[in-house]
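Some notes on the structure that comes next.
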Amino acid sequence: MTRSNLILLVLVAVIAALPIFGESYALRLGTTACMYGILALSWNVVGGFAGYPSFATAAFFGFGAYASGILMAQGLPLPLAVAASAAASFVLAGVLGAALLRLRGHYFAIASLSLVEVFRELVNNATDLTGGGMGLNIPLSAGTDVMADARFFFYAMWALLALTALMVIIVAGSKLGFGLACIRQNETAANMVGLNTTLYKSIAFGLSACFVSAAGGVYAAWVHYIDPSDVFDILYSVKPIVMALIGGLGSPLGVLFGALAYLGLEEVVWRNYIQIHSGVLGVLIVVLLLFLPHGLMSFRSRLFARRPKYV
Amino acid sequence: MLAAQILINALVLGCLYACIAIGFSLVWGVLNVINLMHGSFIVLGAYLAWGLYRSLHIAPWYALLLAAPLFFAIGYLIQRVILNRVITAPVLVTLTLTFGLDLILNNAMIYYLKADYQKLSLVPPMGSVSLFGVVVPVDRLVATVAALGLTFVLYLILRRLRVGRAIVAVRLDRDAAVLMGVDVNVTYAVAFGLGAALAGCAGVLMALIFPISPLTSTAYLGKAFVVCVLGGLGSVSGALAGGILLALIEGVGSAMIGPAHATTLSFALLIVFLIVRPQGLLGRKGFE
């Protein structure tokens with residue numbers, strides 16, 4: 001295990017200590033931080049490791065939210081509902097990925113983007129099952145104590161984040177991670193030397209979707225009410241990319257740092273300039289891409305002398 | 001009779017879709033940049049027409065004359081100042097950058113123009129013509145003719161003007177174009193400016209027909225996507241074919257399985273097309 005992966009795990013562990021500060025605001029912020037962390041780390045498996053510009057995050061976030069929400073409305077407990085919808089979305093994304101990941105560059109970006117639209121419209125029109133535009137109410141869990149509830153959801157989301165971090169570390173160190181890196185460098189060559197690129201990409205897409213949709217499931221239970229325009233918001237696809245860009249593409253530690261930094265910025269902006277928050281996000285994106293193309297990691301090389309790295 | 005009405009509607013709407021998509025297709029084809037601001041440019045053009053009509057009573061077809069140079073200048077500047085810096089970067093960077101710019105533009109529109117829907121209503125209204133039981137509103141007809149005119153103008157620019165030939169040349173082979181003395185950065189900026197101008201003009205035409213709100217920009221962008229993929233990138237005739245095909249699918253789809261599923265249908269078709277025939281119906285290397 002590399003040093004930066006160790007730091008990643010330590011960072012995740014530190015986040016768990018947040019409820020010591022006890023306040024409900026700290027808990028809400030912490031839960032959101034964990035959720036953003038999951039989304040960004042999952043996106044990184046496809047976007048960072050394999051270099052495929054995926055905009056499908058919102059599709060699977062919404063899918064997970066609705067699948068778990070419907071299962072919970074049927075009376076299934078939260079962990080089972082989340083596990084079931086995560087498994088379903090692993091299979092779904094694997095199958096869709098086998099087809100969509102044949103596309104490259106802009107074409108893949110558009111296909112993944114339109115996946116969000118298709119899912120949203122399907123959910124919108126399946127009124128009997130999802131309530132359509134009226135949204136879906138998710139029954140409250142047994143607890144009546146607000147603080148206990150908040151703490152429960154924080155730890156649920158945190159556990160998912162820890163699992164996601166472990167998954168990312170395992171993938172990075174495995175043959176799968178190596179294969180994905182080959183695909184990013186030169187897919188045609190990787191294919192030529194006998195790498196089953198389709199299989200690798202599909203697994204990566206499936207893994208990424210499965211954790212995103214688990215996060216969606218916990219989110220749905222946390223907020224008790226979801227509607228299509230909320231959970232299929234295209235910003236859920238874009239935010240993880242921005243976080244990864246802030247932190248530096250490809251490095252899991254950087255990506256998690258990016259998620260936390262992004263949340264901090266978002267909180268400051270939301271609190272002070274609610275009406276122009278998406279404009280400020282836009283300015284952030286533009287500035288980041290033009291002046292800090294390698295994210296916060298560009299500072300690291302200036303602060304510490306870099307040792308040559310062998311893969 | 002219903003079939004004839006659906007067909008006519010599709011033809012009329014298809015030309016408008018082509019007009020929405022053609023600038024987008026030009027930018028994508030030449031610069032290899034997906035301009036996610038395209039939808040907001042269209043809405044901004046619509047607001048321009050609406051504002052001019054409401055405050056100065058200038059009819060939308062005259063507003064075209066103002067919109068074209070104005071949007072060309074905006075697009076030219078954006079390309080020169082911002083996009084040319086990252087034009088060689090990976091897809092993710094250019095895509096995210098235009099998304100960021102779109103967030104700024106769209107948020108500014110919501111902030112200053114509010115998210116309420118506005119409608120440009122001509123006084124007196126233009127009514128509709130009916131021929132053999134097929135009814136077409138006159139404003140739609142006018143917009144269609146204007147849209148066809150705009151596409152034809154673009155075709156002429158690419159075909160006859162030196163700068164248009166430069167655009168085609170850069171698209172075909174960037175390096176060879178440089179050797180022939182083409183200034184690539186200027187050509188890129190002109191292509192982006194043309195794309196923006198077409199978006200602005202399309203917006204002016206849309207104002208004649210549809211309600212205006214910053215919230216509709218993503219719908220226009222979605223249409224542009226689908227039309228481009230259906231028709232093939234960067235070809236004028238491809239955009240027309242794609243636009244009419246999309247309008248036909250939407251029309252027939254709405255009639256057969258209900259209007260609620262029309263968007264799903266068109267996006268599902270988009271995905272199928274991307275997988276089966278990513279170069280589109282009429283896609284080819286150069287465009288004429």
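Please note that chains go A, B, ... in the order of the structure tokens, that every chain numbers its residues from 1, and that ligands are numbered from 1 in the order shown.
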Distance cut-off 7 Å, counting only C-alpha atoms - which residues of chain B neighbour chain A? Return them as a PyMOL selection string. chain B and resi 91-93+97+100-101+103-104+107-108+260+264+267-268+271+275
Residue subset to file, keeping C-alpha atoms, as a compact mmCIF listing (two decimals), in the first residue's frame:
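Below you can see again_27.txt, which holds the result:
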```txt
# COMPACT_ATOMS: atom_id res chain seq x y z
CA VAL B 91 -12.27 16.07 -23.88
CA LEU B 92 -13.07 16.25 -20.19
CA VAL B 93 -11.40 19.65 -19.84
CA LEU B 97 -15.00 24.34 -19.15
CA GLY B 100 -18.71 26.12 -16.22
CA LEU B 101 -19.17 29.02 -18.63
CA LEU B 103 -23.41 27.89 -15.43
CA ILE B 104 -22.23 31.51 -15.27
CA ASN B 107 -27.21 31.92 -13.62
CA ALA B 108 -26.77 35.49 -14.82
CA ALA B 260 -44.98 12.03 -22.22
CA THR B 264 -37.42 9.17 -23.73
CA PHE B 267 -32.88 9.93 -26.21
CA ALA B 268 -33.16 6.16 -26.45
CA ILE B 271 -28.08 6.03 -27.60
CA ILE B 275 -23.73 2.67 -30.69
```
Can you check which residues of range 82-251 of chain A DSSP gives as strand (DSSP E) on the backbone and send them as a list of chain:residue names?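 Residues of range 82-251 of chain A classed as strand (DSSP E): A:Leu136, A:Asn137, A:Tyr225, A:Ile226.
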Any chance you can output those residues with C-alpha atoms as a CSV table (one decimal), in the first residue's frame?
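Here's the written file selection08.csv:
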```csv
chain,number,residue,atom,x,y,z
A,136,LEU,CA,-41.7,9.7,-3.5
A,137,ASN,CA,-42.1,9.7,0.2
A,225,TYR,CA,-38.5,12.6,0.1
A,226,ILE,CA,-37.1,12.5,-3.4
```
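The list of residues with at least one atom within 12 Å of range 128-130 of chain B, based on only C-alpha atoms and without residues fewer than 2 positions apart in the same chain, reads Gln5, Ile8, Pro125, Met126, Phe132, Gly133, Val134, Val135, Val136, Pro137, Val138, Asp139, Arg140, Leu141 and Val142 of chain B.
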Go ahead and write the residues just picked, N, CA, C and O atoms, as a CSV table (one decimal), in the first residue's frame.
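Printed below is selection_17.csv as written:
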```
chain,number,residue,atom,x,y,z
B,5,GLN,N,-50.9,15.8,-41.6
B,5,GLN,CA,-50.6,16.8,-40.6
B,5,GLN,C,-49.4,16.6,-39.8
B,5,GLN,O,-48.5,17.5,-39.6
B,8,ILE,N,-46.4,17.3,-42.1
B,8,ILE,CA,-46.1,18.7,-42.2
B,8,ILE,C,-45.5,19.3,-41.0
B,8,ILE,O,-44.5,20.1,-41.0
B,125,PRO,N,-51.8,39.2,-34.2
B,125,PRO,CA,-51.3,37.8,-34.4
B,125,PRO,C,-51.4,37.4,-35.8
B,125,PRO,O,-52.1,37.9,-36.6
B,126,MET,N,-50.5,36.5,-36.2
B,126,MET,CA,-50.4,36.1,-37.6
B,126,MET,C,-51.4,35.1,-38.1
B,126,MET,O,-51.5,34.9,-39.3
B,132,PHE,N,-56.0,21.9,-47.7
B,132,PHE,CA,-56.5,20.5,-47.7
B,132,PHE,C,-56.6,19.9,-46.3
B,132,PHE,O,-56.3,18.8,-46.1
B,133,GLY,N,-57.1,20.7,-45.4
B,133,GLY,CA,-57.3,20.3,-44.0
B,133,GLY,C,-56.1,20.2,-43.2
B,133,GLY,O,-56.1,19.8,-42.0
B,134,VAL,N,-54.9,20.6,-43.8
B,134,VAL,CA,-53.7,20.6,-43.0
B,134,VAL,C,-53.5,22.0,-42.5
B,134,VAL,O,-53.4,22.9,-43.3
B,135,VAL,N,-53.4,22.2,-41.2
B,135,VAL,CA,-53.3,23.6,-40.6
B,135,VAL,C,-51.8,23.9,-40.2
B,135,VAL,O,-51.2,23.1,-39.5
B,136,VAL,N,-51.3,25.0,-40.6
B,136,VAL,CA,-50.0,25.4,-40.2
B,136,VAL,C,-50.1,26.9,-39.7
B,136,VAL,O,-50.5,27.8,-40.5
B,137,PRO,N,-49.6,27.2,-38.5
B,137,PRO,CA,-49.6,28.6,-38.1
B,137,PRO,C,-48.6,29.4,-38.9
B,137,PRO,O,-47.5,28.9,-39.2
B,138,VAL,N,-49.0,30.6,-39.2
B,138,VAL,CA,-48.1,31.4,-40.1
B,138,VAL,C,-46.8,31.7,-39.5
B,138,VAL,O,-45.7,31.7,-40.1
B,139,ASP,N,-46.8,32.0,-38.1
B,139,ASP,CA,-45.5,32.3,-37.5
B,139,ASP,C,-44.5,31.2,-37.6
B,139,ASP,O,-43.3,31.4,-37.8
B,140,ARG,N,-45.0,30.0,-37.5
B,140,ARG,CA,-44.2,28.8,-37.6
B,140,ARG,C,-43.6,28.7,-39.0
B,140,ARG,O,-42.4,28.4,-39.2
B,141,LEU,N,-44.5,29.0,-40.0
B,141,LEU,CA,-44.0,29.0,-41.4
B,141,LEU,C,-42.9,30.0,-41.6
B,141,LEU,O,-41.9,29.7,-42.3
B,142,VAL,N,-43.2,31.2,-41.1
B,142,VAL,CA,-42.1,32.3,-41.3
B,142,VAL,C,-40.8,31.9,-40.6
B,142,VAL,O,-39.8,32.0,-41.2
```
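Shell of Thr218 in chain B at 9 Å, with only C-alpha atoms counted and residues fewer than 2 places along the chain excluded, is Leu36, His38, Gly39, Ser40, Pro214, Leu215, Thr216, Tyr220, Leu221, Gly222 and Lys223 of chain B.
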Find the residues near range 154-169 of chain B: any atom within 12 Å, counting only C-alpha atoms, skip ones fewer than 5 places away on the same chain, and give them as a compact mmCIF listing (two decimals) with all heavy atoms, in the first residue's frame.
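Below is the file that was written, selection.txt:
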```
# COMPACT_ATOMS: atom_id res chain seq x y z
N CYS B 19 -31.90 24.32 -37.47
CA CYS B 19 -31.34 25.64 -37.21
C CYS B 19 -30.74 25.70 -35.81
O CYS B 19 -29.69 26.31 -35.60
CB CYS B 19 -32.44 26.67 -37.37
SG CYS B 19 -31.86 28.34 -37.30
N ILE B 22 -27.35 23.49 -36.03
CA ILE B 22 -26.29 23.60 -37.02
C ILE B 22 -25.04 24.32 -36.49
O ILE B 22 -23.91 23.93 -36.79
CB ILE B 22 -26.84 24.25 -38.31
CG1 ILE B 22 -25.86 24.02 -39.43
CG2 ILE B 22 -27.11 25.70 -38.14
CD1 ILE B 22 -26.55 23.60 -40.66
N GLY B 23 -25.26 25.33 -35.66
CA GLY B 23 -24.11 26.02 -35.09
C GLY B 23 -23.35 25.12 -34.14
O GLY B 23 -22.11 25.08 -34.11
N SER B 25 -23.25 21.93 -34.29
CA SER B 25 -22.59 20.92 -35.10
C SER B 25 -21.31 21.47 -35.72
O SER B 25 -20.29 20.78 -35.79
CB SER B 25 -23.58 20.46 -36.18
OG SER B 25 -22.93 19.81 -37.20
N LEU B 26 -21.36 22.73 -36.14
CA LEU B 26 -20.18 23.38 -36.72
C LEU B 26 -19.03 23.43 -35.71
O LEU B 26 -17.90 23.05 -36.00
CB LEU B 26 -20.55 24.79 -37.18
CG LEU B 26 -19.45 25.63 -37.80
CD1 LEU B 26 -19.18 25.16 -39.20
CD2 LEU B 26 -19.84 27.09 -37.80
N VAL B 27 -19.37 23.89 -34.49
CA VAL B 27 -18.34 24.02 -33.46
C VAL B 27 -17.77 22.65 -33.09
O VAL B 27 -16.56 22.47 -32.97
CB VAL B 27 -18.94 24.71 -32.21
CG1 VAL B 27 -17.97 24.64 -31.05
CG2 VAL B 27 -19.26 26.15 -32.52
N GLY B 29 -17.81 19.92 -34.90
CA GLY B 29 -17.10 19.32 -36.01
C GLY B 29 -15.74 19.95 -36.26
O GLY B 29 -14.77 19.26 -36.52
N VAL B 30 -15.65 21.27 -36.16
CA VAL B 30 -14.42 21.94 -36.52
C VAL B 30 -13.45 22.00 -35.33
O VAL B 30 -12.27 21.70 -35.45
CB VAL B 30 -14.70 23.37 -37.02
CG1 VAL B 30 -13.40 24.10 -37.29
CG2 VAL B 30 -15.54 23.31 -38.27
N LEU B 31 -13.97 22.40 -34.16
CA LEU B 31 -13.09 22.62 -33.02
C LEU B 31 -12.94 21.39 -32.15
O LEU B 31 -12.12 21.36 -31.26
CB LEU B 31 -13.62 23.77 -32.16
CG LEU B 31 -13.44 25.19 -32.66
CD1 LEU B 31 -14.34 25.46 -33.83
CD2 LEU B 31 -13.70 26.17 -31.57
N ALA B 68 -27.20 38.54 -35.17
CA ALA B 68 -26.09 37.85 -35.84
C ALA B 68 -24.73 38.46 -35.50
O ALA B 68 -23.86 37.76 -34.98
CB ALA B 68 -26.33 37.81 -37.34
N ALA B 147 -35.35 29.93 -40.91
CA ALA B 147 -34.36 28.94 -40.48
C ALA B 147 -33.66 28.33 -41.68
O ALA B 147 -32.43 28.18 -41.69
CB ALA B 147 -35.04 27.84 -39.66
N LEU B 148 -34.45 28.01 -42.71
CA LEU B 148 -33.86 27.48 -43.94
C LEU B 148 -32.90 28.49 -44.55
O LEU B 148 -31.81 28.14 -45.01
CB LEU B 148 -34.95 27.12 -44.94
CG LEU B 148 -35.61 25.76 -44.73
CD1 LEU B 148 -36.75 25.56 -45.71
CD2 LEU B 148 -34.58 24.65 -44.88
N GLY B 149 -33.32 29.78 -44.51
CA GLY B 149 -32.47 30.84 -45.04
C GLY B 149 -31.14 30.89 -44.31
O GLY B 149 -30.07 30.98 -44.93
N ARG B 174 -5.78 19.89 -39.95
CA ARG B 174 -5.31 21.08 -39.28
C ARG B 174 -3.89 21.43 -39.68
O ARG B 174 -3.57 22.58 -40.00
CB ARG B 174 -5.39 20.82 -37.77
CG ARG B 174 -5.11 22.01 -36.92
CD ARG B 174 -4.84 21.59 -35.48
NE ARG B 174 -3.79 22.46 -34.97
CZ ARG B 174 -3.95 23.26 -33.92
NH1 ARG B 174 -5.06 23.26 -33.27
NH2 ARG B 174 -2.99 24.04 -33.53
N ASP B 175 -3.03 20.43 -39.71
CA ASP B 175 -1.62 20.71 -39.99
C ASP B 175 -1.41 21.20 -41.42
O ASP B 175 -0.66 22.14 -41.66
CB ASP B 175 -0.78 19.46 -39.72
CG ASP B 175 -0.85 19.07 -38.26
OD1 ASP B 175 -1.00 20.00 -37.43
OD2 ASP B 175 -0.79 17.88 -37.95
N ALA B 176 -2.09 20.55 -42.36
CA ALA B 176 -1.96 20.96 -43.75
C ALA B 176 -2.49 22.39 -43.92
O ALA B 176 -1.92 23.19 -44.66
CB ALA B 176 -2.72 20.01 -44.66
N ALA B 177 -3.56 22.72 -43.21
CA ALA B 177 -4.13 24.06 -43.30
C ALA B 177 -3.12 25.10 -42.83
O ALA B 177 -2.98 26.16 -43.42
CB ALA B 177 -5.41 24.14 -42.48
N VAL B 178 -2.40 24.78 -41.74
CA VAL B 178 -1.38 25.69 -41.24
C VAL B 178 -0.31 25.92 -42.32
O VAL B 178 0.10 27.05 -42.58
CB VAL B 178 -0.72 25.12 -39.96
CG1 VAL B 178 0.43 26.01 -39.54
CG2 VAL B 178 -1.75 25.03 -38.85
N LEU B 179 0.08 24.84 -42.99
CA LEU B 179 1.09 24.96 -44.04
C LEU B 179 0.61 25.83 -45.20
O LEU B 179 1.40 26.46 -45.88
CB LEU B 179 1.47 23.57 -44.57
CG LEU B 179 2.25 22.70 -43.59
CD1 LEU B 179 2.47 21.33 -44.17
CD2 LEU B 179 3.58 23.36 -43.26
N MET B 180 -0.70 25.85 -45.41
CA MET B 180 -1.25 26.66 -46.50
C MET B 180 -1.48 28.11 -46.06
O MET B 180 -2.12 28.88 -46.77
CB MET B 180 -2.59 26.08 -46.97
CG MET B 180 -2.49 24.73 -47.62
SD MET B 180 -1.49 24.80 -49.09
CE MET B 180 -0.28 23.56 -48.75
N GLY B 181 -1.03 28.45 -44.86
CA GLY B 181 -1.13 29.83 -44.43
C GLY B 181 -2.43 30.20 -43.74
O GLY B 181 -2.80 31.37 -43.68
N VAL B 182 -3.11 29.20 -43.21
CA VAL B 182 -4.35 29.50 -42.48
C VAL B 182 -3.99 29.75 -41.03
O VAL B 182 -3.25 28.97 -40.42
CB VAL B 182 -5.33 28.32 -42.58
CG1 VAL B 182 -6.52 28.53 -41.68
CG2 VAL B 182 -5.77 28.13 -44.02
N ASP B 183 -4.49 30.85 -40.47
CA ASP B 183 -4.29 31.11 -39.04
C ASP B 183 -5.32 30.31 -38.26
O ASP B 183 -6.50 30.64 -38.24
CB ASP B 183 -4.43 32.61 -38.75
CG ASP B 183 -4.08 32.93 -37.30
OD1 ASP B 183 -4.22 32.03 -36.45
OD2 ASP B 183 -3.67 34.06 -37.03
N VAL B 184 -4.85 29.24 -37.61
CA VAL B 184 -5.79 28.30 -36.99
C VAL B 184 -6.57 28.96 -35.86
O VAL B 184 -7.78 28.78 -35.73
CB VAL B 184 -5.03 27.06 -36.48
CG1 VAL B 184 -5.98 26.14 -35.74
CG2 VAL B 184 -4.41 26.33 -37.64
N ASN B 185 -5.87 29.75 -35.03
CA ASN B 185 -6.58 30.35 -33.90
C ASN B 185 -7.69 31.28 -34.34
O ASN B 185 -8.78 31.28 -33.76
CB ASN B 185 -5.58 31.13 -33.02
CG ASN B 185 -4.85 30.18 -32.09
OD1 ASN B 185 -5.33 29.08 -31.81
ND2 ASN B 185 -3.68 30.59 -31.63
N VAL B 186 -7.42 32.06 -35.38
CA VAL B 186 -8.47 32.95 -35.89
C VAL B 186 -9.61 32.13 -36.49
O VAL B 186 -10.79 32.41 -36.26
CB VAL B 186 -7.89 33.92 -36.94
CG1 VAL B 186 -9.01 34.67 -37.65
CG2 VAL B 186 -6.93 34.89 -36.29
N THR B 187 -9.25 31.08 -37.23
CA THR B 187 -10.29 30.25 -37.84
C THR B 187 -11.18 29.62 -36.77
O THR B 187 -12.41 29.58 -36.90
CB THR B 187 -9.63 29.14 -38.69
OG1 THR B 187 -8.67 29.75 -39.52
CG2 THR B 187 -10.66 28.43 -39.52
N TYR B 188 -10.55 29.11 -35.71
CA TYR B 188 -11.33 28.56 -34.61
C TYR B 188 -12.29 29.60 -34.05
O TYR B 188 -13.47 29.34 -33.81
CB TYR B 188 -10.40 28.08 -33.48
CG TYR B 188 -9.78 26.74 -33.71
CD1 TYR B 188 -8.66 26.34 -33.01
CD2 TYR B 188 -10.32 25.84 -34.64
CE1 TYR B 188 -8.08 25.10 -33.21
CE2 TYR B 188 -9.74 24.61 -34.85
CZ TYR B 188 -8.62 24.24 -34.14
OH TYR B 188 -8.06 23.03 -34.33
N ALA B 189 -11.76 30.82 -33.84
CA ALA B 189 -12.59 31.87 -33.25
C ALA B 189 -13.74 32.22 -34.18
O ALA B 189 -14.88 32.42 -33.73
CB ALA B 189 -11.75 33.10 -32.95
N VAL B 190 -13.47 32.25 -35.50
CA VAL B 190 -14.54 32.56 -36.45
C VAL B 190 -15.59 31.45 -36.43
O VAL B 190 -16.79 31.72 -36.42
CB VAL B 190 -13.97 32.74 -37.87
CG1 VAL B 190 -15.09 32.82 -38.89
CG2 VAL B 190 -13.12 33.99 -37.95
N ALA B 191 -15.12 30.20 -36.40
CA ALA B 191 -16.07 29.08 -36.38
C ALA B 191 -16.94 29.14 -35.14
O ALA B 191 -18.17 28.98 -35.21
CB ALA B 191 -15.32 27.75 -36.44
N PHE B 192 -16.32 29.42 -34.00
CA PHE B 192 -17.10 29.51 -32.77
C PHE B 192 -18.06 30.69 -32.82
O PHE B 192 -19.21 30.61 -32.38
CB PHE B 192 -16.17 29.62 -31.55
CG PHE B 192 -16.84 29.29 -30.25
CD1 PHE B 192 -16.93 27.99 -29.83
CD2 PHE B 192 -17.41 30.29 -29.47
CE1 PHE B 192 -17.57 27.67 -28.64
CE2 PHE B 192 -18.05 29.98 -28.28
CZ PHE B 192 -18.12 28.67 -27.87
N GLY B 193 -17.57 31.81 -33.40
CA GLY B 193 -18.44 32.98 -33.55
C GLY B 193 -19.64 32.67 -34.43
O GLY B 193 -20.77 33.05 -34.11
N LEU B 194 -19.38 31.97 -35.54
CA LEU B 194 -20.49 31.58 -36.42
C LEU B 194 -21.49 30.69 -35.68
O LEU B 194 -22.70 30.87 -35.81
CB LEU B 194 -19.95 30.83 -37.64
CG LEU B 194 -19.42 31.66 -38.80
CD1 LEU B 194 -18.88 30.75 -39.88
CD2 LEU B 194 -20.55 32.53 -39.37
N GLY B 195 -20.95 29.75 -34.91
CA GLY B 195 -21.82 28.87 -34.13
C GLY B 195 -22.70 29.67 -33.18
O GLY B 195 -23.90 29.46 -33.08
N ALA B 197 -23.45 32.88 -33.45
CA ALA B 197 -24.38 33.72 -34.21
C ALA B 197 -25.59 32.91 -34.64
O ALA B 197 -26.74 33.38 -34.55
CB ALA B 197 -23.67 34.30 -35.43
N LEU B 198 -25.36 31.68 -35.10
CA LEU B 198 -26.48 30.84 -35.52
C LEU B 198 -27.38 30.51 -34.33
O LEU B 198 -28.61 30.47 -34.46
CB LEU B 198 -25.96 29.56 -36.17
CG LEU B 198 -25.49 29.77 -37.60
CD1 LEU B 198 -24.59 28.65 -38.05
CD2 LEU B 198 -26.69 29.90 -38.53
N CYS B 201 -29.46 33.61 -33.61
CA CYS B 201 -30.53 33.77 -34.60
C CYS B 201 -31.62 32.72 -34.41
O CYS B 201 -32.81 33.02 -34.52
CB CYS B 201 -29.95 33.67 -36.01
SG CYS B 201 -28.88 35.06 -36.42
N GLY B 234 -21.13 18.37 -38.40
CA GLY B 234 -20.54 19.37 -39.25
C GLY B 234 -21.01 19.41 -40.68
O GLY B 234 -20.40 20.04 -41.51
N SER B 235 -22.12 18.73 -40.98
CA SER B 235 -22.59 18.83 -42.35
C SER B 235 -23.95 19.52 -42.36
O SER B 235 -24.82 19.20 -41.55
CB SER B 235 -22.66 17.45 -43.01
OG SER B 235 -23.98 17.01 -43.12
N VAL B 236 -24.10 20.49 -43.24
CA VAL B 236 -25.33 21.28 -43.28
C VAL B 236 -26.51 20.38 -43.62
O VAL B 236 -27.56 20.41 -42.97
CB VAL B 236 -25.19 22.42 -44.30
CG1 VAL B 236 -26.50 23.16 -44.46
CG2 VAL B 236 -24.11 23.39 -43.86
N SER B 237 -26.33 19.54 -44.66
CA SER B 237 -27.43 18.66 -45.04
C SER B 237 -27.71 17.63 -43.95
O SER B 237 -28.86 17.25 -43.72
CB SER B 237 -27.10 17.97 -46.36
OG SER B 237 -25.80 17.44 -46.31
N GLY B 238 -26.64 17.20 -43.25
CA GLY B 238 -26.83 16.25 -42.17
C GLY B 238 -27.70 16.82 -41.07
O GLY B 238 -28.59 16.14 -40.54
N ALA B 239 -27.47 18.10 -40.73
CA ALA B 239 -28.26 18.73 -39.68
C ALA B 239 -29.73 18.79 -40.10
O ALA B 239 -30.64 18.54 -39.29
CB ALA B 239 -27.74 20.13 -39.38
N LEU B 240 -29.97 19.13 -41.37
CA LEU B 240 -31.36 19.17 -41.86
C LEU B 240 -32.00 17.80 -41.77
O LEU B 240 -33.12 17.66 -41.25
CB LEU B 240 -31.38 19.65 -43.31
CG LEU B 240 -31.61 21.14 -43.53
CD1 LEU B 240 -31.56 21.46 -45.00
CD2 LEU B 240 -32.94 21.58 -42.93
N LYS B 285 -16.22 13.06 -43.80
CA LYS B 285 -15.08 13.81 -43.25
C LYS B 285 -15.17 15.32 -43.46
O LYS B 285 -15.11 16.07 -42.51
CB LYS B 285 -13.79 13.24 -43.81
CG LYS B 285 -13.18 12.26 -42.82
CD LYS B 285 -11.70 12.12 -42.98
CE LYS B 285 -10.99 12.54 -41.71
NZ LYS B 285 -9.61 12.76 -41.87
N GLY B 286 -15.31 15.76 -44.68
CA GLY B 286 -15.41 17.21 -44.89
C GLY B 286 -16.88 17.60 -44.88
O GLY B 286 -17.74 16.76 -44.79
N PHE B 287 -17.16 18.90 -44.95
CA PHE B 287 -18.59 19.19 -45.12
C PHE B 287 -18.81 20.25 -46.18
O PHE B 287 -18.02 21.16 -46.36
CB PHE B 287 -19.28 19.57 -43.83
CG PHE B 287 -18.62 20.64 -43.04
CD1 PHE B 287 -18.29 21.85 -43.60
CD2 PHE B 287 -18.33 20.43 -41.72
CE1 PHE B 287 -17.71 22.84 -42.86
CE2 PHE B 287 -17.73 21.41 -40.97
CZ PHE B 287 -17.42 22.61 -41.55
N GLU B 288 -19.86 20.08 -46.91
CA GLU B 288 -20.14 21.00 -47.99
C GLU B 288 -21.63 21.29 -48.01
O GLU B 288 -22.40 20.46 -47.56
CB GLU B 288 -19.73 20.39 -49.32
CG GLU B 288 -18.61 21.17 -49.98
CD GLU B 288 -17.27 20.44 -49.86
OE1 GLU B 288 -17.28 19.29 -49.50
OE2 GLU B 288 -16.25 21.05 -50.12
```
Hey, what does DSSP flag as helix (DSSP H, G or I) within range 209-249 of chain A? Can you give it to me as a ChimeraX atom specification? /A:209-223,228-231,235-247
May I ask for the distance between CA of Phe60 in chain A and CA of Ala209 in chain A, given in Å to one decimal place?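 Atom-to-atom, CA of Phe60 in chain A and CA of Ala209 in chain A are spaced 5.7 Å apart.
Take CA of Gly177 in chain A and CA of Thr164 in chain A: the distance between them is 14.6 Å.
When only C-alpha atoms are used to measure the gap to Ala49 in chain B, the shortest distance among B:Leu105, B:Leu230, B:Ile209, B:Leu120 belongs to B:Leu120.
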